[in-house]
Structure formats: structure tokens, C-alpha cells
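Source file: upload-v9.txt (compact mmCIF, C-alpha atoms)
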# COMPACT_ATOMS: atom_id res chain seq x y z
CA MET A 6 0.00 0.00 0.00
CA SER A 7 1.37 3.44 -0.91
CA GLN A 8 2.35 6.04 1.65
CA LEU A 9 0.03 9.01 2.11
CA LEU A 10 0.78 12.47 3.45
CA VAL A 11 -2.33 14.03 4.96
CA GLU A 12 -2.04 17.59 6.26
CA TYR A 13 -4.10 18.85 9.19
CA PRO A 14 -5.23 22.48 9.16
CA GLN A 15 -4.07 24.55 12.11
CA SER A 16 -7.55 24.73 13.64
CA ARG A 17 -6.27 25.00 17.19
CA CYS A 18 -2.94 25.90 18.75
CA ALA A 19 -1.91 25.11 22.29
CA GLY A 20 -2.35 28.18 24.43
CA SER A 21 -4.75 29.96 22.08
CA LYS A 22 -8.53 30.06 21.99
CA ASP A 23 -10.01 29.54 18.52
CA GLU A 24 -11.71 32.93 18.62
CA ASP A 25 -8.36 34.65 19.24
CA ARG A 26 -6.68 33.33 16.09
CA ARG A 27 -7.72 36.42 14.11
CA ASP A 28 -4.90 38.18 16.01
CA ASN A 29 -2.33 35.51 15.16
CA PRO A 30 0.92 37.21 13.97
CA LEU A 31 1.70 34.23 11.72
CA ALA A 32 1.46 34.49 7.94
CA ARG A 33 2.10 31.85 5.27
CA ALA A 34 5.28 32.39 3.28
CA ALA A 35 5.98 31.42 -0.33
CA ASP A 36 7.38 28.06 0.77
CA GLY A 37 4.09 27.22 2.49
CA ILE A 38 5.42 27.56 6.06
CA LEU A 39 3.69 29.78 8.60
CA ARG A 40 6.19 32.40 9.78
CA TYR A 41 6.20 35.17 12.36
CA GLY A 42 6.46 38.73 11.12
CA ASN A 43 8.63 41.49 12.59
CA LEU A 44 11.24 39.21 14.16
CA THR A 45 14.53 40.83 15.06
CA PRO A 46 17.27 39.82 12.58
CA ALA A 47 19.12 37.73 15.14
CA LEU A 48 18.90 36.35 18.66
CA THR A 49 21.75 38.58 19.83
CA GLU A 50 19.82 41.69 18.81
CA LEU A 51 16.73 40.61 20.75
CA LEU A 52 18.83 39.93 23.85
CA ASP A 53 20.70 43.21 23.47
CA ILE A 54 17.40 45.11 23.51
CA GLN A 55 16.33 43.35 26.72
CA VAL A 56 19.70 43.98 28.37
CA HIS A 57 19.32 47.71 27.87
CA THR A 58 15.66 47.65 28.92
CA PHE A 59 16.18 45.63 32.11
CA ALA A 60 19.84 46.33 32.90
CA ALA A 61 19.46 46.39 36.70
CA ARG A 62 17.22 43.32 36.98
CA GLU A 63 18.62 39.95 37.97
CA ALA A 64 19.11 37.86 34.85
CA VAL A 65 20.46 34.65 36.34
CA VAL A 66 20.67 33.31 39.89
CA GLU A 67 22.60 30.20 40.82
CA ILE A 68 21.53 28.90 44.21
CA GLY A 69 24.72 28.82 46.26
CA GLY A 70 26.57 30.67 43.52
CA PRO A 71 26.65 33.94 41.55
CA ARG A 72 23.76 36.34 41.06
CA LEU A 73 24.08 38.45 37.92
CA THR A 74 22.06 41.39 36.64
CA TYR A 75 21.46 41.75 32.92
CA ARG A 76 24.21 44.38 32.74
CA GLU A 77 26.68 42.13 34.59
CA LEU A 78 25.78 39.06 32.54
CA TRP A 79 26.10 40.89 29.23
CA TYR A 80 29.41 42.48 30.18
CA SER A 81 30.95 39.20 31.35
CA ALA A 82 29.67 37.36 28.26
CA SER A 83 31.04 40.07 25.95
CA ARG A 84 34.47 39.72 27.60
CA ILE A 85 34.36 35.97 26.91
CA ALA A 86 33.45 36.85 23.32
CA GLY A 87 36.44 39.18 23.20
CA GLY A 88 38.68 36.43 24.52
CA LEU A 89 37.38 34.05 21.86
CA GLN A 90 38.09 36.66 19.21
CA GLU A 91 41.69 36.93 20.44
CA HIS A 92 41.95 33.16 19.96
CA GLY A 93 40.89 33.60 16.33
CA ILE A 94 37.29 32.54 16.88
CA GLY A 95 34.67 34.42 14.90
CA TYR A 96 31.80 34.19 12.48
CA GLY A 97 30.62 30.63 11.80
CA ASP A 98 33.19 28.87 14.00
CA ARG A 99 31.84 26.21 16.34
CA VAL A 100 32.36 26.68 20.07
CA ALA A 101 31.41 23.80 22.37
CA VAL A 102 29.82 24.62 25.72
CA ARG A 103 30.46 21.73 28.09
CA MET A 104 30.04 22.87 31.65
CA PRO A 105 27.91 22.03 34.69
CA VAL A 106 24.60 23.85 35.06
CA GLY A 107 25.07 27.25 36.65
CA ALA A 108 25.66 30.93 35.99
CA ARG A 109 29.01 30.22 34.30
CA TRP A 110 27.24 27.96 31.78
CA VAL A 111 25.00 30.89 30.83
CA GLN A 112 27.98 33.23 30.56
CA ALA A 113 29.83 30.75 28.34
CA PHE A 114 26.81 30.16 26.09
CA LEU A 115 26.19 33.87 25.60
CA GLY A 116 29.91 34.52 25.16
CA ALA A 117 30.03 32.04 22.28
CA LEU A 118 26.92 33.62 20.78
CA LEU A 119 28.25 37.18 21.05
CA SER A 120 31.55 36.21 19.44
CA GLY A 121 29.70 35.46 16.19
CA ALA A 122 30.42 31.75 16.57
CA VAL A 123 27.86 28.94 16.70
CA PRO A 124 27.44 27.53 20.22
CA VAL A 125 27.41 23.72 20.29
CA LEU A 126 25.67 22.33 23.36
CA VAL A 127 27.45 19.32 24.88
CA PRO A 128 25.71 17.96 28.01
CA ASP A 129 28.17 17.88 30.89
CA GLY A 130 26.93 14.45 31.96
CA LEU A 131 27.71 12.74 28.66
CA PRO A 132 30.31 9.96 28.85
CA ASP A 133 33.64 11.25 27.59
CA ALA A 134 33.57 8.95 24.55
CA VAL A 135 30.17 10.27 23.44
CA ALA A 136 31.15 13.88 24.17
CA GLU A 137 34.32 13.49 22.11
CA ARG A 138 32.23 12.07 19.29
CA VAL A 139 30.00 15.14 19.36
CA ILE A 140 33.00 17.48 19.51
CA GLY A 141 34.61 15.71 16.57
CA ASP A 142 31.44 15.60 14.50
CA ALA A 143 30.80 19.32 14.99
CA CYS A 144 34.39 20.16 13.94
CA ILE A 145 34.77 22.21 17.11
CA ASP A 146 37.15 25.17 16.97
CA PHE A 147 37.14 25.88 20.71
CA VAL A 148 35.78 24.24 23.87
CA LEU A 149 34.43 26.30 26.76
CA ASP A 150 34.60 24.16 29.86
CA GLY A 151 35.99 26.66 32.34
CA GLY A 152 39.32 24.84 32.40
CA GLY A 153 37.63 21.91 34.08
CA ARG A 154 39.02 19.19 31.83
CA ALA A 155 42.69 18.97 31.02
CA ALA A 156 43.25 18.42 27.32
CA GLY A 157 45.39 19.95 24.63
CA TYR A 158 42.74 22.16 23.06
CA ARG A 159 40.91 23.15 26.24
CA GLU A 160 41.77 26.25 28.19
CA ALA A 161 40.31 28.29 31.02
CA MET A 162 37.47 30.69 30.20
CA PRO A 163 38.86 33.29 27.76
CA ASP A 164 38.77 36.92 28.82
CA ALA A 165 39.58 40.12 26.94
CA ALA A 166 38.12 43.49 26.00
CA ALA A 167 34.37 43.32 25.43
CA PHE A 168 33.28 42.35 21.92
CA ILE A 169 29.88 41.79 20.29
CA ASP A 170 29.32 40.53 16.75
CA ASP A 171 25.90 41.70 15.58
CA GLY A 172 25.97 40.81 11.90
CA ALA A 173 23.75 37.72 11.85
CA SER A 174 20.49 37.27 9.92
CA LEU A 175 17.34 35.15 10.33
CA GLY A 176 18.42 32.33 8.03
CA GLU A 177 21.88 31.85 9.49
CA LEU A 178 22.89 28.99 11.77
CA ALA A 179 22.67 30.18 15.38
CA LEU A 180 22.88 26.99 17.48
CA LEU A 181 24.02 23.42 17.00
CA CYS A 182 22.15 21.11 19.35
CA TYR A 183 22.63 17.34 19.39
CA THR A 184 19.90 14.76 19.78
CA SER A 185 20.13 12.21 22.59
CA PRO A 186 21.64 8.85 21.54
CA CYS A 187 18.83 6.35 21.09
CA LEU A 188 17.94 3.06 19.41
CA GLY A 189 21.58 2.28 18.74
CA THR A 190 22.20 5.51 16.82
CA GLY A 191 24.60 8.18 17.92
CA PRO A 192 23.69 11.81 18.58
CA ARG A 193 22.94 13.87 15.49
CA GLY A 194 23.66 17.56 15.16
CA VAL A 195 20.55 19.64 14.52
CA GLU A 196 21.01 23.03 12.88
CA LEU A 197 18.83 25.70 14.48
CA THR A 198 18.73 29.07 12.75
CA ASN A 199 18.07 32.48 14.24
CA GLU A 200 14.53 32.23 12.87
CA ASN A 201 14.04 28.85 14.56
CA LEU A 202 15.13 30.22 17.93
CA LEU A 203 13.26 33.53 17.67
CA SER A 204 10.09 31.74 16.53
CA ALA A 205 10.28 29.28 19.41
CA ILE A 206 10.76 32.18 21.83
CA ARG A 207 7.78 34.04 20.33
CA SER A 208 5.62 30.90 20.63
CA VAL A 209 6.55 30.23 24.26
CA VAL A 210 6.12 33.84 25.35
CA GLY A 211 2.74 34.06 23.62
CA ALA A 212 1.28 30.70 24.59
CA LEU A 213 2.41 30.83 28.23
CA GLU A 214 1.62 34.56 28.41
CA LEU A 215 4.96 35.27 30.07
CA PRO A 216 4.82 38.64 31.85
CA THR A 217 7.43 41.40 31.57
CA ASP A 218 7.12 42.55 35.19
CA GLY A 219 9.87 40.35 36.61
CA LEU A 220 9.12 36.64 35.99
CA ARG A 221 11.30 34.32 38.10
CA ASN A 222 11.64 30.94 36.40
CA LEU A 223 13.18 27.98 38.24
CA VAL A 224 14.64 25.98 35.34
CA LEU A 225 15.32 22.35 36.24
CA LEU A 226 15.51 21.15 32.64
CA PRO A 227 19.04 20.56 31.28
CA LEU A 228 20.38 23.74 29.68
CA ALA A 229 22.35 21.73 27.12
CA HIS A 230 19.07 20.50 25.59
CA ALA A 231 16.68 22.49 23.44
CA SER A 232 13.92 22.07 26.05
CA GLY A 233 15.99 23.91 28.67
CA CYS A 234 17.94 26.41 26.59
CA VAL A 235 15.56 27.34 23.75
CA ASP A 236 12.20 26.90 25.49
CA GLN A 237 12.97 28.16 29.02
CA LEU A 238 16.23 30.12 29.31
CA LEU A 239 15.82 32.27 26.19
CA PRO A 240 12.07 33.07 26.55
CA THR A 241 12.70 34.12 30.16
CA PHE A 242 15.43 36.49 29.00
CA ALA A 243 13.15 37.72 26.21
CA VAL A 244 10.70 39.11 28.79
CA GLY A 245 13.36 40.45 31.14
CA GLY A 246 12.82 37.65 33.66
CA THR A 247 15.19 35.88 36.02
CA VAL A 248 16.44 32.34 35.38
CA VAL A 249 17.03 30.54 38.68
CA LEU A 250 19.30 27.47 38.57
CA THR A 251 19.82 24.86 41.28
CA PRO A 252 22.74 22.50 40.68
CA ASP A 253 21.74 20.83 43.98
CA ARG A 254 18.09 19.80 43.69
CA SER A 255 17.79 19.33 47.43
CA ALA A 256 17.78 23.14 47.55
CA VAL A 257 14.57 23.39 45.49
CA PRO A 258 12.03 23.57 48.37
CA GLU A 259 13.85 26.47 50.03
CA ALA A 260 14.53 28.20 46.70
CA LEU A 261 10.84 28.17 45.76
CA VAL A 262 10.08 30.45 48.69
CA ALA A 263 13.31 32.39 49.14
CA GLU A 264 13.65 33.24 45.43
CA ARG A 265 9.96 34.14 44.98
CA ILE A 266 9.55 31.69 42.10
CA ASP A 267 6.69 32.27 39.64
CA MET A 268 7.33 29.38 37.24
CA VAL A 269 8.95 25.93 37.40
CA SER A 270 10.01 23.78 34.45
CA ALA A 271 11.22 20.17 34.60
CA THR A 272 10.59 16.69 33.21
CA PRO A 273 7.92 14.43 34.75
CA ARG A 274 10.71 12.28 36.17
CA ILE A 275 12.38 15.26 37.84
CA PHE A 276 9.08 16.42 39.29
CA ALA A 277 8.43 12.92 40.68
CA GLY A 278 11.85 12.95 42.35
CA LEU A 279 11.20 16.36 43.90
CA LEU A 280 7.80 15.54 45.43
CA PRO A 281 9.05 13.85 48.65
CA GLY A 282 10.95 17.02 49.53
CA LEU A 283 7.95 19.19 48.67
CA ALA A 284 5.50 17.26 50.87
CA GLY A 285 3.46 19.61 53.01
CA LEU A 286 4.63 22.68 51.11
CA ARG A 287 2.06 25.03 49.56
CA VAL A 288 3.44 27.67 47.20
CA GLU A 289 0.66 29.90 45.94
CA ARG A 290 3.00 32.35 44.19
CA VAL A 291 3.92 29.84 41.44
CA ARG A 292 1.62 30.45 38.46
CA GLN A 293 3.12 28.19 35.78
CA ILE A 294 4.29 24.57 35.87
CA CYS A 295 5.86 23.32 32.63
CA SER A 296 6.47 19.58 32.29
CA ALA A 297 8.54 18.58 29.25
CA GLY A 298 8.08 14.91 28.37
CA HIS A 299 10.16 12.77 26.05
CA ARG A 300 9.10 9.85 23.85
CA ALA A 301 10.80 7.08 25.84
CA GLU A 302 9.72 8.51 29.19
CA LEU A 303 6.08 8.82 28.12
CA ALA A 304 5.97 5.30 26.73
CA ALA A 305 7.42 3.79 29.91
CA ALA A 306 5.35 5.89 32.29
CA ASP A 307 2.77 4.31 34.55
CA PRO A 308 -0.60 6.11 34.07
CA ALA A 309 -1.49 5.92 37.75
CA ALA A 310 1.90 7.31 38.76
CA CYS A 311 1.56 10.17 36.24
CA ALA A 312 -1.86 11.06 37.63
CA ALA A 313 -0.48 10.96 41.19
CA VAL A 314 2.39 13.30 40.28
CA SER A 315 -0.01 15.74 38.61
CA ALA A 316 -2.34 15.70 41.62
CA SER A 317 0.54 16.22 44.04
CA LEU A 318 1.82 19.17 42.00
CA ARG A 319 -1.64 20.73 42.20
CA GLU A 320 -1.48 20.45 45.99
CA VAL A 321 1.95 22.07 46.19
CA PHE A 322 1.17 24.72 43.55
CA PRO A 323 -2.60 25.28 43.86
CA GLU A 324 -2.65 28.46 41.72
CA ALA A 325 -0.41 27.15 38.92
CA ARG A 326 -1.42 26.59 35.33
CA GLN A 327 -0.02 23.16 34.39
CA TRP A 328 1.50 22.68 30.96
CA SER A 329 2.70 19.47 29.36
CA VAL A 330 4.89 19.88 26.29
CA TRP A 331 6.32 17.42 23.79
CA GLY A 332 8.79 17.84 21.00
CA ALA A 333 12.21 17.08 19.63
CA THR A 334 15.48 18.88 19.14
CA GLU A 335 14.43 19.23 15.49
CA THR A 336 11.34 21.24 16.56
CA SER A 337 13.41 23.53 18.81
CA GLY A 338 12.21 21.54 21.82
CA ILE A 339 8.42 22.00 21.56
CA GLY A 340 6.12 20.82 18.79
CA LEU A 341 3.00 19.96 20.76
CA ALA A 342 1.59 21.19 24.05
CA ARG A 343 -1.46 20.90 26.23
CA ASP A 344 -2.75 23.26 28.87
CA ASP A 345 -4.37 20.85 31.33
CA THR A 346 -6.43 23.67 32.84
CA ALA A 347 -7.81 25.09 29.58
CA PHE A 348 -9.02 22.15 27.53
CA ASP A 349 -11.69 19.52 28.09
CA PHE A 350 -10.32 15.99 27.79
CA GLY A 351 -13.68 14.26 28.20
CA GLY A 352 -14.03 14.90 31.91
CA ALA A 353 -10.87 12.96 32.81
CA ALA A 354 -7.22 13.80 33.17
CA PRO A 355 -5.29 13.37 29.89
CA GLY A 356 -3.64 9.96 29.68
CA ARG A 357 0.00 9.24 29.02
CA ASP A 358 -0.85 8.88 25.32
CA THR A 359 -2.20 12.45 25.07
CA LEU A 360 0.56 14.60 23.60
CA GLY A 361 -1.35 17.79 22.91
CA PHE A 362 -2.13 20.30 20.18
CA ALA A 363 0.13 21.99 17.64
CA PHE A 364 2.26 24.63 19.34
CA GLY A 365 2.89 28.13 18.03
CA GLY A 366 3.47 28.08 14.29
CA THR A 367 3.81 24.30 14.10
CA GLU A 368 1.61 22.50 11.56
CA LEU A 369 0.96 18.77 11.54
CA ALA A 370 0.59 15.99 8.99
CA LEU A 371 0.34 12.21 9.04
CA TRP A 372 2.42 9.85 6.90
CA GLY A 373 1.64 6.22 6.12
CA PRO A 374 -0.91 3.91 4.53
CA ARG A 375 -3.58 4.81 7.13
CA ALA A 376 -2.96 8.54 7.16
CA ASP A 377 -6.35 9.30 5.64
CA THR A 378 -8.02 7.59 8.62
CA GLY A 379 -6.19 9.77 11.19
CA HIS A 380 -3.42 7.29 12.04
CA GLY A 381 0.23 7.37 11.00
CA GLU A 382 3.65 8.84 11.59
CA LEU A 383 3.56 12.41 12.92
CA LEU A 384 5.16 15.04 10.70
CA CYS A 385 5.78 18.66 11.71
CA ARG A 386 6.71 21.83 9.91
CA GLY A 387 6.89 25.44 11.02
CA PRO A 388 9.22 28.36 11.70
CA ASN A 389 10.63 26.48 14.71
CA VAL A 390 11.52 23.32 12.73
CA ALA A 391 15.20 22.87 11.85
CA PRO A 392 16.09 22.91 8.15
CA ARG A 393 18.61 20.06 8.24
CA TYR A 394 21.11 17.96 10.17
CA TRP A 395 24.68 19.09 10.51
CA ASN A 396 26.96 17.60 7.86
CA ASP A 397 24.57 14.68 7.29
CA PRO A 398 22.70 14.98 3.97
CA GLN A 399 21.69 11.32 4.00
CA THR A 400 19.82 11.55 7.31
CA THR A 401 18.39 14.93 6.29
CA GLU A 402 16.95 13.35 3.14
CA SER A 403 15.49 10.41 5.08
CA ARG A 404 13.90 12.53 7.85
CA PHE A 405 12.50 15.39 5.76
CA THR A 406 9.84 15.23 3.06
CA GLY A 407 9.97 18.69 1.55
CA THR A 408 9.51 21.02 4.54
CA TRP A 409 7.97 18.28 6.70
CA PHE A 410 10.03 16.70 9.50
CA HIS A 411 9.39 13.01 10.24
CA THR A 412 9.23 12.62 14.04
CA GLY A 413 9.21 8.81 13.97
CA ASN A 414 6.19 8.76 16.33
CA GLN A 415 3.10 6.78 15.45
CA VAL A 416 0.06 8.83 16.49
CA SER A 417 -3.57 9.58 15.85
CA ILE A 418 -5.05 13.05 15.34
CA ASP A 419 -8.71 13.72 16.08
CA ALA A 420 -11.06 16.25 14.54
CA ASP A 421 -10.04 18.92 17.09
CA GLY A 422 -6.34 18.51 16.27
CA LEU A 423 -5.50 16.65 19.50
CA VAL A 424 -2.55 14.30 19.00
CA ARG A 425 -2.38 10.97 20.82
CA GLN A 426 0.62 8.70 20.73
CA ALA A 427 0.24 5.03 19.83
CA LEU A 428 1.67 3.26 22.90
CA VAL A 429 2.99 -0.29 22.99
CA ASP A 430 2.44 -2.01 26.35
Exercise: express the given structure as C-alpha cells:
Amino acid sequence: MSQLLVEYPQSRCAGSKDEDRRDNPLARAADGILRYGNLTPALTELLDIQVHTFAAREAVVEIGGPRLTYRELWYSASRIAGGLQEHGIGYGDRVAVRMPVGARWVQAFLGALLSGAVPVLVPDGLPDAVAERVIGDACIDFVLDGGGRAAGYREAMPDAAAFIDDGASLGELALLCYTSPCLGTGPRGVELTNENLLSAIRSVVGALELPTDGLRNLVLLPLAHASGCVDQLLPTFAVGGTVVLTPDRSAVPEALVAERIDMVSATPRIFAGLLPGLAGLRVERVRQICSAGHRAELAAADPAACAAVSASLREVFPEARQWSVWGATETSGIGLARDDTAFDFGGAAPGRDTLGFAFGGTELALWGPRADTGHGELLCRGPNVAPRYWNDPQTTESRFTGTWFHTGNQVSIDADGLVRQALVD
């Protein structure tokens, strides 16, 4: 039986009411993709605007470590950029960021960005052999690890006169983010452009209605993944908020109160691990809970345990709007989302198979012999979807059909646009 590609109209987006779509800033471009209008030319320009707008606000807080205002963060990052420039690093070079979560990670990431180079995110917890494979595949020109690993090409954090390269454009490569190794395959480099990042930021800020009056976001997602960096760190900076980081998760209960946290983001597994320490705590200030699930974690999850975690989070954060998001590195971290407080799932809590609705400018299609019946492989396209894999035309050709990205997930899509994953028990 032949393969079918069946597109689904963007009748509903996570975070938006149908009646509000007349105000949607998205417009269809000549290539058929919905795109945001009036984006800044590059991520660095957007951040530079926020730095000057909110210079005295705290930008990043590391529990037990540094606290940096936007002015201090930008200045320190620009000095790292200047140091990179003195080492011959500039436009288009790849700079690996491989450091533990903390304020210095943020400084290193922004320093690489401001130098005009392409940051390459290397999770600090990766085994050395896998990390070296990533570094080799990306053809790294410099590694920022704070001098924490002795090797011939690694040095302490560079430092020189402040420097900012502001010559990027929407279509240029802005970030190289690697997928997690799975199913016997190694990590693959995903090229994310300035438009991808800026579109993801616009989608998150709009859907979650992030305020500009001093949001304080406790980010427990890994910063070296798109879900942490692109979907939490950068949108928080885009609204002049404060990113709070806790390398020691035992400090979370105290930080929630002491740091006046408004929003918390983590994976379901992280939330489950935090609950014993949160028992008896009631934090009414927190208004957003964002739970980022992954394919393997969702498939292995016990439905009763998921429901128990969700109920416990409601007890700890009684005023919080609970989000569940799903995506891939190739979709800049989020492709689907559900607001568990805004939509009716038939009178019951959404099951572990319920992934959500299209997010932001993402559009959906199904691929396979049963696509016309609402069942098949989920395909995504949109301004947040990566254009290709790094230095891997063969995989790019196999995972993209025109502008559509093949997620590899077998799903069903109902008449309302709700996506459910086909689970194997």
C-alpha cells in the first residue's frame, strides 16, 4: 500500500482560543510555512534590547553561587566573546559549551553567541567517549569548559576586552544542538537558525503569556538540551525575567520560597523525584508549571503514577497553570503542548498517550498507509523546525519530506487537532 501524506489544518494551537486566532501574527510564506512577522534579525539583537531595557534586573541566579544582573551578565559574556576573538574565533566557528549547570554555563553560552560563533551544546553528563564524538562531528574550533578538563585544546574561560558581533540574519545557523543517543544511533547535530530560535521564543512567550514585570523561572531542565535552553532560558530572557538554577536539587524547596519563584520547568521524572521534599509545602506564588516529556519517558510511564504526580503538584502549587509539552530537538524543543487547565479531555485527566495540540506556528501531517483515517507517523513543519542535520545529507533526506520533518512517532489526530501517541504495552 502506498504512503500518504495528509495535512491537518491549524484549527487549534496550544495556548490559544479559537476565537483569538484572528490576532495571530503568523502568515504563510511562499514556501508554504507559517512564519512570524517582525522578528529581530538575530537572537543577539533581541537579547541586546532586553539587556538595555532591564539592565538592573537579575538575569540569572545560581543557588549557592553567583547572582548576575542583565548588565553584569552581558558584560561578562562580551568579555568571553572578546577572549574568543583573540583566539581567532569568529563568524561561523563552532564553540562547544560543556560545563555544569550554573551561571558560568549561561555566561559561556552567551559569550560564544556574542563572538559570532555557533554555540554547540554538549551535556556535561555525557560519557567522555560520546562527548568526544559530538565534539569531533561538529568540527569544534574551541571548547568552553571553564578549564575543568585537562586536554590539549581546552583552556580556562577566555577573557579580553568586550566584543559583540551583531551581523547575523534570520536564516543563518545560530545553534548546534545534538539529539540524545537512542535506538543504537549516535547523537545527530541539529542546525537551528536564528529564525528557529526567535520563533520558538515568540511561541513560548505568547502561549504561556509570560509577563514582563519580573518573571522568576526555576529551570530544572538541562540547559544543554533544546527544552531547557531554547524553550525556558531564552524566553525568560526575552521578557526580562530571572532564570534561577539549582545544581543541587535538594535546595529546590527552600529556593521556591526564598527566590519568589513564579514558574517551574522540569521533566515528569524530575518532578516525581522532587515531590518527597515538597511534601506539606504550599506555594501559591507559582503560576506556571511546565512539564517537558520525552518519547521514551512517556511510553514507559505508569498512568497511575503520572496522575499521582499531577495531583501532588496541584497540591503544592494550587494556583499554577499546568502545561505538558512534547517535542524534539528538530522542533526547537516543543512541537505539541497541552494546557491541562484550559481544555476539556472528556471529563478525565489526559492519559499518558495524550501529547497535545500543535504549538505556536507548528503544523501537523500524518504519513503512512492509514494517514487518511487519522493514524500514522507524525510530521511537523513550522518556523521552529530545523532545516537540516549538521553535515549529514543522507539523514536529512530520510527525515525530511519537503519542509515536513518526520518525528518517527506513530500517532492519531482527532477532529479537534489533539494528537495521541500510539503506545505499545
(request) Measure the distance from CA of Ser81 (chain A) to CA of Glu214 (chain A) in Å and round it to one decimal. (result)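 Computed distance, CA of Ser81 (chain A) to CA of Glu214 (chain A), equals 29.8 Å.
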(request) Tell me which of A:Asp53, A:Glu91, A:Asp129, A:Glu196 sits closest to Asn396 (chain A), counting all atoms listed in the file. (result) A:Glu196
(message) For region 270-285 of chain A, find every residue with an atom within 10 Å (counting all atoms listed in the file), except residues of its own chain fewer than 4 positions away, and show them as an MDAnalysis selection string.
(response) chainID A and resid 222:227 232:233 236:237 254:259 261 293:299 302:303 306 310:311 313:315 317:318 320:321 328:330
(message) My list of candidates is A:Gly93, A:Gly407, A:Pro252, A:Gly211. Which is closest to Gly366 (chain A) when distances are computed with all atoms listed in the file?
(response)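 Comparing A:Gly93, A:Gly407, A:Pro252, A:Gly211 against Gly366 (chain A), the winner is A:Gly211.
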(request) For Arg103 (chain A), please output as a PyMOL selection string all residues within 8 Å (counting all atoms listed in the file; exclusion window: fewer than 3 positions along the same chain). (result) chain A and resi 110+126-129+148-150
(message) Rounded to one decimal, what separation in Å do you get between CA of Gly87 (chain A) and CA of Ala167 (chain A)?
(response)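 Those two atoms sit 5.1 Å apart.
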(request) Go ahead and compute the interatomic distance for CA of Leu181 (chain A) and CA of Thr45 (chain A), in Å to one decimal. (result) 19.9 Å
(message) Here's a test: counting all atoms listed in the file, identify every protein, DNA and RNA residue with an atom at most 10 Å from (21.4, 36.3, 19.9) in the file's coordinate frame, and state them as a PyMOL selection string.
(response) chain A and resi 45-53+115+117-119+121+170-171+173+179-180+199+202-203+239
(request) Extract, using only C-alpha atoms, all DNA, RNA and protein residues at most 10 Å from Val262 (chain A), discarding same-chain residues fewer than 4 positions from it, and format them as a list in words. (result)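 Answer for this query is Val257, Pro258, Ile266, Asp267, Leu286, Arg287, Val288, Glu289, Arg290 and Val291 of chain A.
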(request) Rank A:Val209, A:Leu250, A:Ile38, A:Ile418 by their smallest atom-to-atom distance to Pro392 (chain A), using only C-alpha atoms, and report the top residue only. (result)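 Looking only at the distances to Pro392 (chain A), the closest residue turns out to be A:Ile38.
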(message) Let me make sure I understand: among A:Thr184, A:Gln112, A:Gln8, A:Ser417, which one has the smallest atom-to-atom distance to Pro71 (chain A) if we use all atoms listed in the file?
(response)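 Between A:Thr184, A:Gln112, A:Gln8, A:Ser417, the residue approaching Pro71 (chain A) most closely is A:Gln112.
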(request) May I have the residues at most 10 Å from (-0.8, 8.7, 11.4) in the file's coordinates, counting all atoms listed in the file, as a list in words? (result)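 The residues near that point, listed by chain and number, are Leu9, Leu10, Val11, Ala370, Leu371, Trp372, Gly373, Pro374, Arg375, Ala376, Asp377, Thr378, Gly379, His380, Gly381, Glu382, Leu383, Leu384, Asn414, Gln415, Val416, Ser417, Ile418, Val424, Arg425, Gln426 and Ala427 of chain A.
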(request) Could you tell me which of A:Pro132, A:Pro240, A:Gly332, A:Leu220 comes closest to Arg292 (chain A) if we count only C-alpha atoms? (result)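 Closest residue, counting only C-alpha atoms: A:Leu220.
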